[in-house]
Amino acid sequence: MADAPIKPLALTLGEPAGIGPDIAIAAWLRRRELNLPAFYLLGDQAFVAQRAKALGAEIRIVPVSASESVAAFAEALPVVATGERATAEPGKPDASSAPAALASIRQAVTDVREGRAGAVVTNPIAKSVLYRAGFRHPGHTEFLAELAAEDGRVPQPVMMLWSPRLAVVPVTIHVSLREALSQLTSELIVSTVRIVATELTSRFGIARPRIAISGLNPHAGEDGSLGHEEQTVIAPALKALRNDGIEARGPLPADTMFHEAARNLYDCAVCMYHDQALIPIKTVAFDDAVNVTLGLPFIRTSPDHGTAFDIAGTGKANPASLIAALKLASRMAAAKT
């Protein structure tokens, strides 16, 4: 039986005025050195060529269809048109930024869902720019969940930040701390951890994932003296998860979960709110952490950083996180069961 054809990765443009185009070009230039999986960039060929010129990058850029991108990848950066042109200069988003960024995301999801690509890899977007154009989602994660809806049912997206040294998941995501406290329920913790456990097995090859669950309050509540959520919200969730056969430990004090010895005891740390999870991973793995969206019917990874308007177009942007995102997307696609 012949091997299935290699599917390329669909890489979005991101915010055109940001560093997304820069790091896409930088990653392609290192494709042979790092043995990168084939990818194509969704955007406007003329715009990408203009950015390459600004960066002083000697690079051949070719317009292709998704199916032609693998063959083209070795000798040229493949660019698949989305129908939206971008004109934004580095560091200066303009009226073309939002339509170009959103069209790139939509097309990447369509390509994966229709079998033309193996995974979606997204470059950073500028939410403030998108909001001015009417974007109504808190972030990439929630927008992708809507694009993944089937028969009107939107899946629960779970945001994981992954690196070889640490993987973390926040139960509540892009909301204020006050809103996070109101959203936090036993049911949300259970549904989140079930998705994490399932995909650590199916996409990361971990047969029996070990999951550490943080408390919400300082010192995990100190037996109720510093808060009762550990007893009333988190403990019932842990009981349900253990009844499912999931190896979940907690609730653990968040301030002692992330030193090296503690990290060796689990495969993923699930925390109650955004910063509780993201501060530690951005401290220990700032350059190589990858944003992964679990719970979707397709694979999505992304660099774990923003648009960096201040260095866009200067050649100073570090492509390490995008390179890690491309490699992880390829690994997850190969492991898909």
# chains A, B, ... in the order shown; residues from 1 in each chain; ligands from 1
$ select_by_dssp --residues "segment 9-256 of chain A" --states "strand (DSSP E or B)" --output "PyMOL selection string"
chain A and resi 9-12+39-42+61-63+77-80+89+92+119-121+150+153+158-162+167-170+210-214+247-252
$ residues_around --residues "Phe47 of chain A" --least-positions-apart "3" --cutoff "8 Å" --atoms "only C-alpha atoms" --output "VMD selection string"
chain A and resid 43 to 44 50 to 51 85 to 87
$ write_last_selection --atoms "N, CA and C atoms" --output "PDB file, in the first residue's frame"
ATOM      1  N   GLY A  43      -1.496  34.439   2.132  1.00  0.00           N
ATOM      2  CA  GLY A  43      -1.443  35.886   2.074  1.00  0.00           C
ATOM      3  C   GLY A  43      -1.297  36.382   0.648  1.00  0.00           C
ATOM      4  N   ASP A  44      -0.735  37.557   0.550  1.00  0.00           N
ATOM      5  CA  ASP A  44      -0.592  38.251  -0.725  1.00  0.00           C
ATOM      6  C   ASP A  44       0.873  38.192  -1.154  1.00  0.00           C
ATOM      7  N   GLN A  50       7.482  42.288  -0.772  1.00  0.00           N
ATOM      8  CA  GLN A  50       7.885  43.608  -0.295  1.00  0.00           C
ATOM      9  C   GLN A  50       8.534  43.518   1.088  1.00  0.00           C
ATOM     10  N   ARG A  51       7.952  42.669   1.966  1.00  0.00           N
ATOM     11  CA  ARG A  51       8.537  42.514   3.299  1.00  0.00           C
ATOM     12  C   ARG A  51       9.904  41.842   3.213  1.00  0.00           C
ATOM     13  N   ARG A  85      -5.817  41.653  -0.047  1.00  0.00           N
ATOM     14  CA  ARG A  85      -4.482  42.230  -0.164  1.00  0.00           C
ATOM     15  C   ARG A  85      -4.154  43.040   1.079  1.00  0.00           C
ATOM     16  N   ALA A  86      -2.895  43.039   1.450  1.00  0.00           N
ATOM     17  CA  ALA A  86      -2.417  43.811   2.593  1.00  0.00           C
ATOM     18  C   ALA A  86      -1.485  44.905   2.109  1.00  0.00           C
ATOM     19  N   THR A  87      -1.572  46.063   2.741  1.00  0.00           N
ATOM     20  CA  THR A  87      -0.694  47.177   2.381  1.00  0.00           C
ATOM     21  C   THR A  87       0.039  47.751   3.588  1.00  0.00           C
TER      22      THR A  87
END
$ closest_residue --among "A:Asp223, A:Glu199, A:Asp244, A:Glu33" --to "Val292 of chain A" --atoms "only C-alpha atoms"
A:Glu199
$ residues_around --residues "Leu13 of chain A" --least-positions-apart "5" --cutoff "8 Å" --atoms "only C-alpha atoms" --output "PyMOL selection string"
chain A and resi 20-21+41-43+100-101+104+122-123
$ closest_residue --among "A:Ala329, A:Glu247, A:His274, A:Ala103" --to "His174 of chain A" --atoms "only C-alpha atoms"
A:His274
$ atom_distance --atom1 "atom CA of Ala240 of chain A" --atom2 "atom CA of Glu187 of chain A"
9.4 Å
